[in-house]
Every structure is written in C-alpha cells, then in structure tokens.
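Here is the file input02.txt (compact mmCIF, C-alpha atoms).
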# COMPACT_ATOMS: atom_id res chain seq x y z
CA MET D 1 104.35 241.64 -55.39
CA ILE D 2 103.86 239.34 -58.37
CA TYR D 3 103.20 236.20 -56.26
CA LEU D 4 100.35 237.80 -54.34
CA ASN D 5 98.84 239.26 -57.54
CA ALA D 6 99.10 235.88 -59.27
CA PHE D 7 97.26 234.20 -56.41
CA LEU D 8 94.57 236.89 -56.09
CA ILE D 9 93.81 237.41 -59.80
CA GLY D 10 94.03 233.70 -60.64
CA GLY D 11 91.78 232.89 -57.70
CA LEU D 12 89.37 235.68 -58.62
CA ILE D 13 88.96 234.44 -62.21
CA CYS D 14 88.20 230.95 -60.86
CA ALA D 15 85.75 232.26 -58.24
CA LEU D 16 83.87 234.32 -60.84
CA THR D 17 83.69 231.30 -63.13
CA GLN D 18 82.30 229.31 -60.19
CA ILE D 19 79.34 231.74 -60.07
CA LEU D 20 78.72 231.05 -63.75
CA ILE D 21 78.82 227.27 -63.15
CA ASP D 22 76.54 227.35 -60.09
CA LYS D 23 74.02 229.81 -61.53
CA THR D 24 73.74 228.49 -65.09
CA LYS D 25 74.59 224.77 -64.74
CA LEU D 26 76.58 225.06 -67.97
CA MET D 27 78.82 222.10 -68.79
CA PRO D 28 82.60 222.51 -68.32
CA GLY D 29 83.20 222.41 -72.10
CA ARG D 30 80.94 225.43 -72.68
CA ILE D 31 82.54 227.33 -69.81
CA MET D 32 86.01 226.74 -71.24
CA VAL D 33 84.91 227.79 -74.74
CA MET D 34 83.38 230.99 -73.32
CA LEU D 35 86.56 231.81 -71.40
CA VAL D 36 88.78 231.26 -74.43
CA VAL D 37 86.59 233.42 -76.68
CA LEU D 38 86.45 236.14 -74.00
CA GLY D 39 90.24 235.94 -73.66
CA SER D 40 90.76 236.48 -77.38
CA ILE D 41 88.41 239.49 -77.37
CA PHE D 42 90.09 241.02 -74.31
CA GLY D 43 93.40 240.34 -76.03
CA ALA D 44 92.31 242.17 -79.16
CA ILE D 45 91.16 245.16 -77.10
CA GLY D 46 94.60 245.11 -75.48
CA TRP D 47 93.46 244.43 -71.93
CA TYR D 48 94.78 240.93 -71.47
CA ASP D 49 98.48 241.75 -71.74
CA ASP D 50 98.00 244.51 -69.16
CA LEU D 51 96.47 241.92 -66.85
CA ILE D 52 99.43 239.57 -67.42
CA ASP D 53 101.84 242.43 -66.66
CA PHE D 54 100.01 242.95 -63.38
CA ALA D 55 99.28 239.36 -62.31
CA GLY D 56 101.81 237.19 -64.17
CA ALA D 57 100.73 233.55 -64.02
CA GLY D 58 97.49 234.67 -62.34
CA ALA D 59 96.43 235.80 -65.81
CA SER D 60 98.51 233.48 -68.02
CA VAL D 61 97.54 230.17 -66.38
CA PRO D 62 93.71 230.48 -66.62
CA ILE D 63 92.36 229.11 -69.91
CA CYS D 64 91.20 232.58 -71.09
CA SER D 65 94.90 233.25 -71.62
CA PHE D 66 94.76 230.64 -74.40
CA GLY D 67 92.40 232.93 -76.34
CA ASN D 68 94.77 235.84 -75.84
CA THR D 69 97.71 233.70 -76.99
CA LEU D 70 95.83 232.69 -80.16
CA TRP D 71 94.96 236.32 -80.91
CA LYS D 72 98.54 237.49 -80.34
CA GLY D 73 99.84 234.78 -82.67
CA VAL D 74 97.38 235.84 -85.36
CA LYS D 75 98.32 239.51 -84.96
CA GLU D 76 102.07 238.82 -85.08
CA ASP D 77 101.77 236.65 -88.19
CA ILE D 78 99.58 239.25 -89.92
CA ASP D 79 102.24 241.88 -89.17
CA THR D 80 104.91 239.59 -90.63
CA TYR D 81 103.22 237.69 -93.46
CA GLY D 82 100.06 239.68 -94.18
CA PHE D 83 96.83 237.88 -95.11
CA THR D 84 98.04 234.28 -94.60
CA GLY D 85 98.91 235.22 -91.03
CA ILE D 86 95.20 235.13 -90.18
CA PHE D 87 95.36 231.39 -90.81
CA THR D 88 98.79 230.52 -89.43
CA GLY D 89 99.15 232.59 -86.27
CA GLY D 90 96.66 230.85 -84.00
CA PHE D 91 98.00 227.33 -84.26
CA THR D 92 101.60 228.54 -84.14
CA ALA D 93 101.08 230.43 -80.92
CA GLY D 94 98.78 227.82 -79.37
CA ALA D 95 101.06 224.91 -80.27
CA ILE D 96 102.67 224.50 -76.84
CA GLY D 97 99.40 224.15 -74.94
CA ILE D 98 97.69 222.00 -77.58
CA SER D 99 100.65 219.73 -78.35
CA SER D 100 101.71 219.15 -74.75
CA ALA D 101 98.15 218.29 -73.68
CA LEU D 102 97.63 215.94 -76.65
CA ILE D 103 101.01 214.21 -76.40
CA PHE D 104 101.02 213.75 -72.63
CA GLY D 105 97.33 212.84 -72.75
CA TYR D 106 97.99 210.15 -75.34
CA LEU D 107 101.01 208.76 -73.47
CA ALA D 108 98.89 208.67 -70.31
CA SER D 109 96.33 206.49 -72.13
CA LEU D 110 99.13 203.97 -72.75
CA ILE D 111 100.29 203.95 -69.13
CA PHE D 112 97.18 204.36 -66.99
CA LYS D 113 94.14 202.10 -66.86
CA PRO D 114 90.65 203.61 -66.53
CA LYS D 115 89.48 204.02 -62.95
CA MET D 116 86.03 203.30 -61.62
CA LYS D 117 84.13 206.50 -60.87
CA ASP D 118 83.49 207.00 -57.15
CA MET M 1 55.80 221.77 -33.39
CA ASP M 2 55.28 220.66 -37.00
CA ASP M 3 54.95 224.28 -38.06
CA ILE M 4 58.24 225.16 -36.45
CA LYS M 5 59.95 222.25 -38.22
CA LYS M 6 58.39 223.20 -41.55
CA ASN M 7 59.40 226.82 -41.14
CA TYR M 8 62.88 225.75 -40.28
CA ASP M 9 63.09 223.41 -43.28
CA ASP M 10 61.85 226.19 -45.58
CA TYR M 11 64.38 228.51 -44.07
CA VAL M 12 67.22 226.03 -44.58
CA LYS M 13 66.12 225.45 -48.16
CA SER M 14 66.03 229.18 -48.85
CA VAL M 15 69.50 229.84 -47.51
CA THR M 16 71.35 226.69 -48.63
CA PRO M 17 72.10 227.65 -52.26
CA THR M 18 73.65 230.99 -51.30
CA THR M 19 75.93 229.52 -48.66
CA SER M 20 77.03 226.72 -50.94
CA LEU M 21 77.77 229.22 -53.72
CA ALA M 22 79.93 231.25 -51.35
CA LYS M 23 81.68 228.09 -50.20
CA ASN M 24 82.20 226.86 -53.78
CA MET M 25 83.58 230.26 -54.75
CA TRP M 26 85.95 230.21 -51.80
CA HIS M 27 87.25 226.73 -52.72
CA ALA M 28 87.62 227.77 -56.38
CA PHE M 29 89.46 230.92 -55.29
CA LEU M 30 91.88 229.03 -53.02
CA ILE M 31 92.78 226.17 -55.35
CA GLY M 32 92.68 228.23 -58.56
CA GLY M 33 94.84 230.89 -56.92
CA ALA M 34 97.23 228.24 -55.61
CA ILE M 35 97.68 226.70 -59.08
CA CYS M 36 98.42 230.15 -60.54
CA LEU M 37 100.81 230.91 -57.70
CA PHE M 38 102.59 227.61 -58.39
CA GLY M 39 102.79 228.60 -62.08
CA GLN M 40 104.32 231.95 -61.13
CA ILE M 41 106.90 230.22 -58.91
CA LEU M 42 107.84 227.99 -61.86
CA ILE M 43 108.19 230.98 -64.21
CA THR M 44 110.40 232.85 -61.73
CA LEU M 45 112.43 229.69 -61.17
CA PHE M 46 113.09 229.20 -64.89
CA GLU M 47 113.96 232.88 -65.26
CA THR M 48 116.48 232.76 -62.42
CA ILE M 49 118.34 229.87 -64.09
CA GLY M 50 118.73 232.05 -67.18
CA THR M 51 115.85 231.26 -69.54
CA ASP M 52 114.25 234.25 -71.29
CA GLU M 53 110.73 235.29 -70.40
CA GLU M 54 108.97 233.59 -73.32
CA THR M 55 110.80 230.27 -72.94
CA ALA M 56 110.22 230.28 -69.18
CA GLY M 57 106.48 230.64 -69.87
CA ALA M 58 106.64 227.74 -72.33
CA TYR M 59 108.46 225.47 -69.86
CA GLU M 60 105.93 226.42 -67.20
CA ILE M 61 102.98 225.43 -69.41
CA ILE M 62 104.59 222.14 -70.43
CA LEU M 63 105.34 221.29 -66.80
CA LEU M 64 101.85 222.26 -65.54
CA VAL M 65 100.23 220.20 -68.30
CA PHE M 66 102.51 217.24 -67.57
CA LEU M 67 101.75 217.33 -63.84
CA ALA M 68 98.00 217.67 -64.44
CA VAL M 69 98.04 214.68 -66.81
CA MET M 70 99.93 212.58 -64.24
CA LEU M 71 97.52 213.60 -61.47
CA THR M 72 94.61 212.73 -63.79
CA GLY M 73 96.06 209.29 -64.51
CA LEU M 74 96.60 208.65 -60.81
CA GLY M 75 93.00 209.67 -60.09
CA ILE M 76 94.04 212.59 -57.88
CA TYR M 77 92.94 215.45 -60.15
CA PRO M 78 89.25 214.37 -60.22
CA LYS M 79 89.24 214.25 -56.41
CA LEU M 80 90.72 217.74 -56.24
CA ALA M 81 88.20 218.92 -58.85
CA LYS M 82 85.31 217.73 -56.68
CA TYR M 83 86.50 220.11 -53.98
CA ALA M 84 87.72 223.01 -56.11
CA GLY M 85 85.15 223.19 -58.95
CA ALA M 86 86.16 226.04 -61.24
CA GLY M 87 89.47 226.25 -59.35
CA THR M 88 90.68 223.14 -61.19
CA LEU M 89 88.64 223.70 -64.38
CA VAL M 90 89.81 227.20 -65.34
CA PRO M 91 93.64 226.87 -65.16
CA ILE M 92 95.51 225.24 -68.08
CA THR M 93 95.69 222.13 -65.86
CA GLY M 94 91.92 221.76 -66.32
CA PHE M 95 92.43 221.73 -70.09
CA ALA M 96 95.11 219.04 -69.68
CA ASN M 97 92.69 217.08 -67.50
CA SER M 98 89.91 217.39 -70.09
CA VAL M 99 92.26 215.97 -72.75
CA SER M 100 93.86 213.13 -70.78
CA SER M 101 90.79 211.98 -68.87
CA PRO M 102 88.75 210.78 -71.90
CA ALA M 103 91.94 209.46 -73.57
CA ILE M 104 92.50 207.16 -70.59
CA GLU M 105 88.84 206.33 -70.08
CA PHE M 106 88.02 205.34 -73.67
CA GLN M 107 91.21 203.43 -74.57
CA LYS M 108 89.18 200.18 -74.66
CA GLU M 109 87.23 201.56 -77.63
CA GLY M 110 90.40 201.52 -79.70
CA GLN M 111 93.11 203.86 -80.92
CA ILE M 112 91.07 205.72 -83.55
CA PHE M 113 87.52 205.97 -82.27
CA GLY M 114 88.41 205.57 -78.61
CA VAL M 115 91.51 207.57 -77.78
CA GLY M 116 91.78 209.49 -81.07
CA CYS M 117 88.25 210.88 -81.12
CA ARG M 118 87.53 211.18 -77.42
CA ILE M 119 90.77 213.02 -76.65
CA PHE M 120 89.17 215.98 -78.46
CA SER M 121 85.76 215.80 -76.75
CA ILE M 122 86.44 219.04 -74.84
CA ALA M 123 89.73 220.14 -76.44
CA GLY M 124 87.99 220.07 -79.85
CA PRO M 125 85.39 222.77 -79.09
CA VAL M 126 87.96 224.82 -77.16
CA ILE M 127 90.43 224.75 -80.06
CA LEU M 128 87.73 225.26 -82.72
CA PHE M 129 86.11 228.30 -81.14
CA GLY M 130 89.44 229.70 -79.96
CA ILE M 131 90.87 229.51 -83.48
CA LEU M 132 87.60 230.82 -84.96
CA SER M 133 87.34 233.85 -82.66
CA SER M 134 91.00 234.77 -83.11
CA TRP M 135 90.55 234.33 -86.90
CA VAL M 136 87.58 236.72 -86.94
CA LEU M 137 89.48 239.26 -84.83
CA GLY M 138 92.53 238.75 -87.06
CA LEU M 139 90.44 239.34 -90.18
CA LEU M 140 89.19 242.63 -88.74
CA TYR M 141 92.74 243.58 -87.80
CA TRP M 142 93.98 242.71 -91.31
CA ILE M 143 91.19 244.75 -92.94
CA GLY M 144 92.09 247.64 -90.63
CA SER M 145 95.75 247.35 -91.61
CA VAL M 146 95.17 247.45 -95.38
CA ILE M 147 92.64 250.31 -95.55

Taking this structure as input, can you express it in the form of structure tokens?
Amino acid sequence: MIYLNAFLIGGLICALTQILIDKTKLMPGRIMVMLVVLGSIFGAIGWYDDLIDFAGAGASVPICSFGNTLWKGVKEDIDTYGFTGIFTGGFTAGAIGISSALIFGYLASLIFKPKMKD
Amino acid sequence: MDDIKKNYDDYVKSVTPTTSLAKNMWHAFLIGGAICLFGQILITLFETIGTDEETAGAYEIILLVFLAVMLTGLGIYPKLAKYAGAGTLVPITGFANSVSSPAIEFQKEGQIFGVGCRIFSIAGPVILFGILSSWVLGLLYWIGSVI
C-alpha cells in the first residue's frame, strides 16, 4: 500500500530529523544541507531509488530526495555526454525544485507584505 | 515540605526534555507523514489523468512548492512549523518556505540586496553543497567509467 508507506517513511524521516534538531540545536539550514548531502550519497550507493520504489512520495518529498535527484542527473549526463556531464547534470535534474521555489518565492515577495513575528 | 517540592521540581526538570522530544517527534511524524501522503495522492492523481511517471512527479513538486509559498505568504506555514518542527522543515515544502520567507521579509531592502540576496539565504547553502556533493560523486563515477 503506497499511501501507507508514503505516510510512514515520510513521517519517519521527519521524526528522525527532529531528534537531530532537539539534540544538537543545529540551525535549519545546516539540517537541510546535511539531508541533501546524505541523499546524494545514498543515491550514489543505489539505496535511495529503492526507498522511492517502496515509499513513493514518502521518500521523494523529503529534501534528501533533492540530493538523490542531483546525483541521478549527474550520472545520466555522464552516461550521455561524458566528462561535461559532471557539471551539467545536477542543475538540469534539480531545475524543477530550484526554479519553482525561486520563481514562486519572488512572485510572493511582490504580492505579500512582511508579517510581524508573533 | 520544601524538600518534597524541590525533589519534585528536580524530577520534573529531569524528565521534561525526554517527553518533549517524544512529543516533538510525534508531531514531526504526523505532519511530515501527512505532507508526503498528500504528495503521493497528487502523484497518483496526475498519473490517473494520463501523465507519465516523471511528469507526474514534476507537477507534484511544482504544486507542493506553490502551495507552500502561498501558505508562507499568508502566514500559515510558520504557524504550522511551530507545531510540526522537522515535519514542515524536511519536506520540499520546507525548502519552498525557506526561499519565499526571506524574499517576502526583506523586500524593503530592495530588489538586489533585499529579495535577490536573501532569497538564497538557506537555498544557497542547500544548492551549493548539493551540487558539490553530487559533483564529487559524479567525478568518482566518471573516473570509474573511464578506467
């Protein structure tokens, strides 16, 4: 059941990250960087795609999936173009996440006014 | 009487962090899991209307990012984040939040040094080290493929 697996694995990754936050007091930026780097390493070992096969969005929605996506892009471009693929693959594969966040984020800055922090 | 109170206070102090960690983990699990479940529903939805697997995943990311940016602008995402902790930080929606939140907040500092620079305050490190680590792994893979 892909829905149950998505919920459980996605939730589990978040819960484990919560331990890291509570125990180390690391800032969100560092946590996200760690997850992305871990994701690319797990991707290179070949584990991350297995996890996506099992959990669907439970593995592809967490930010570590971004690292896996970058790695897969690099690998595909190396297979196709050789050496230059090391430089092109990451941004090609990561374009959807990066571009959508930047474009919507920028448009939001035109529409919304800053809010006072509670 | 004072001793009892002191003992009790010490006891409370000694157990509080553990309970709050368990509670935080539970909240992160619930909300993080729910966001992923929602993502899965979107993917399945796009696939049932005939989009291929890769495109369905792309639509899903674009839609999740869009919704997270809207919720950030409306001030709802930060409220949810206070409850969910890592549950709202870890999913791609947390990345969208980390991009849009400073873009909105620093617009008064101008287009270039306000929005333009601050929009990358968390996305910048994430993209830099993501690209770097995949580049290093790619280099190893390339070396392995030519020898």

Residues of stretch 52-112 of chain D within 10 Å of stretch 108-117 of chain M: nearest atom pair and distance (Å, one decimal) for each, counting all atoms listed in the file, sorted by chain and number, as CSV?
residue,atom,partner,partner_atom,distance
D:Leu102,CA,M:Gly116,CA,9.8
D:Gly105,CA,M:Val115,CA,9.3
D:Tyr106,CA,M:Val115,CA,7.4
D:Ser109,CA,M:Val115,CA,7.5
D:Leu110,CA,M:Val115,CA,9.8

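Remark: for M:Ser98, the closest of the candidate residues M:Gly85, M:Gly138, M:Gly50, M:Gly124 is M:Gly124 (distances computed over all atoms listed in the file).
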
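A straight line drawn from atom CA of M:Met25 to atom CA of M:Ser133 is 28.4 Å long.
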
Task: For stretch 46-49 of chain M: contacts at 12 Å, all atoms listed in the file, fewer than 4 positions along chain excluded, given as a PyMOL selection string - done: chain M and resi 39-42+53-61+63

Keeping C-alpha atoms for every residue in the selection just given, could you write it to a file as a PDB file, in the frame of the given file?
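Final output, out.pdb:
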ATOM      1  CA  GLY M  39     102.790 228.600 -62.080  1.00  0.00           C
ATOM      2  CA  GLN M  40     104.320 231.950 -61.130  1.00  0.00           C
ATOM      3  CA  ILE M  41     106.900 230.220 -58.910  1.00  0.00           C
ATOM      4  CA  LEU M  42     107.840 227.990 -61.860  1.00  0.00           C
ATOM      5  CA  GLU M  53     110.730 235.290 -70.400  1.00  0.00           C
ATOM      6  CA  GLU M  54     108.970 233.590 -73.320  1.00  0.00           C
ATOM      7  CA  THR M  55     110.800 230.270 -72.940  1.00  0.00           C
ATOM      8  CA  ALA M  56     110.220 230.280 -69.180  1.00  0.00           C
ATOM      9  CA  GLY M  57     106.480 230.640 -69.870  1.00  0.00           C
ATOM     10  CA  ALA M  58     106.640 227.740 -72.330  1.00  0.00           C
ATOM     11  CA  TYR M  59     108.460 225.470 -69.860  1.00  0.00           C
ATOM     12  CA  GLU M  60     105.930 226.420 -67.200  1.00  0.00           C
ATOM     13  CA  ILE M  61     102.980 225.430 -69.410  1.00  0.00           C
ATOM     14  CA  LEU M  63     105.340 221.290 -66.800  1.00  0.00           C
TER      15      LEU M  63
END

Open item on the list: Need the shell around M:Ile104: protein/DNA/RNA residues with any atom at most 7 Å away, counting only C-alpha atoms. Skip same-chain ones fewer than 5 positions apart. Format as a ChimeraX atom specification?
Closed with: /D:108-109,112-114

- [ ] Can you check which residues of chain M have any atom within 7 Å of chain D? Use all atoms listed in the file and format it as a ChimeraX atom specification.
- [x] /M:21,24-26,28-30,32-34,36-37,39-40,58,61-62,65-66,69,73,85-87,90-92,96,99-100,103-105,107,122,125-126,129-131,133-135,137-139,142

File dump, residues just selected, C-alpha atoms, as a tab-separated table (two decimals), in the frame of the given file:
chain	number	residue	atom	x	y	z
M	21	LEU	CA	77.77	229.22	-53.72
M	24	ASN	CA	82.20	226.86	-53.78
M	25	MET	CA	83.58	230.26	-54.75
M	26	TRP	CA	85.95	230.21	-51.80
M	28	ALA	CA	87.62	227.77	-56.38
M	29	PHE	CA	89.46	230.92	-55.29
M	30	LEU	CA	91.88	229.03	-53.02
M	32	GLY	CA	92.68	228.23	-58.56
M	33	GLY	CA	94.84	230.89	-56.92
M	34	ALA	CA	97.23	228.24	-55.61
M	36	CYS	CA	98.42	230.15	-60.54
M	37	LEU	CA	100.81	230.91	-57.70
M	39	GLY	CA	102.79	228.60	-62.08
M	40	GLN	CA	104.32	231.95	-61.13
M	58	ALA	CA	106.64	227.74	-72.33
M	61	ILE	CA	102.98	225.43	-69.41
M	62	ILE	CA	104.59	222.14	-70.43
M	65	VAL	CA	100.23	220.20	-68.30
M	66	PHE	CA	102.51	217.24	-67.57
M	69	VAL	CA	98.04	214.68	-66.81
M	73	GLY	CA	96.06	209.29	-64.51
M	85	GLY	CA	85.15	223.19	-58.95
M	86	ALA	CA	86.16	226.04	-61.24
M	87	GLY	CA	89.47	226.25	-59.35
M	90	VAL	CA	89.81	227.20	-65.34
M	91	PRO	CA	93.64	226.87	-65.16
M	92	ILE	CA	95.51	225.24	-68.08
M	96	ALA	CA	95.11	219.04	-69.68
M	99	VAL	CA	92.26	215.97	-72.75
M	100	SER	CA	93.86	213.13	-70.78
M	103	ALA	CA	91.94	209.46	-73.57
M	104	ILE	CA	92.50	207.16	-70.59
M	105	GLU	CA	88.84	206.33	-70.08
M	107	GLN	CA	91.21	203.43	-74.57
M	122	ILE	CA	86.44	219.04	-74.84
M	125	PRO	CA	85.39	222.77	-79.09
M	126	VAL	CA	87.96	224.82	-77.16
M	129	PHE	CA	86.11	228.30	-81.14
M	130	GLY	CA	89.44	229.70	-79.96
M	131	ILE	CA	90.87	229.51	-83.48
M	133	SER	CA	87.34	233.85	-82.66
M	134	SER	CA	91.00	234.77	-83.11
M	135	TRP	CA	90.55	234.33	-86.90
M	137	LEU	CA	89.48	239.26	-84.83
M	138	GLY	CA	92.53	238.75	-87.06
M	139	LEU	CA	90.44	239.34	-90.18
M	142	TRP	CA	93.98	242.71	-91.31

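Going from atom CA of M:Ile31 over to atom CA of M:Leu89, you cover 10.2 Å.
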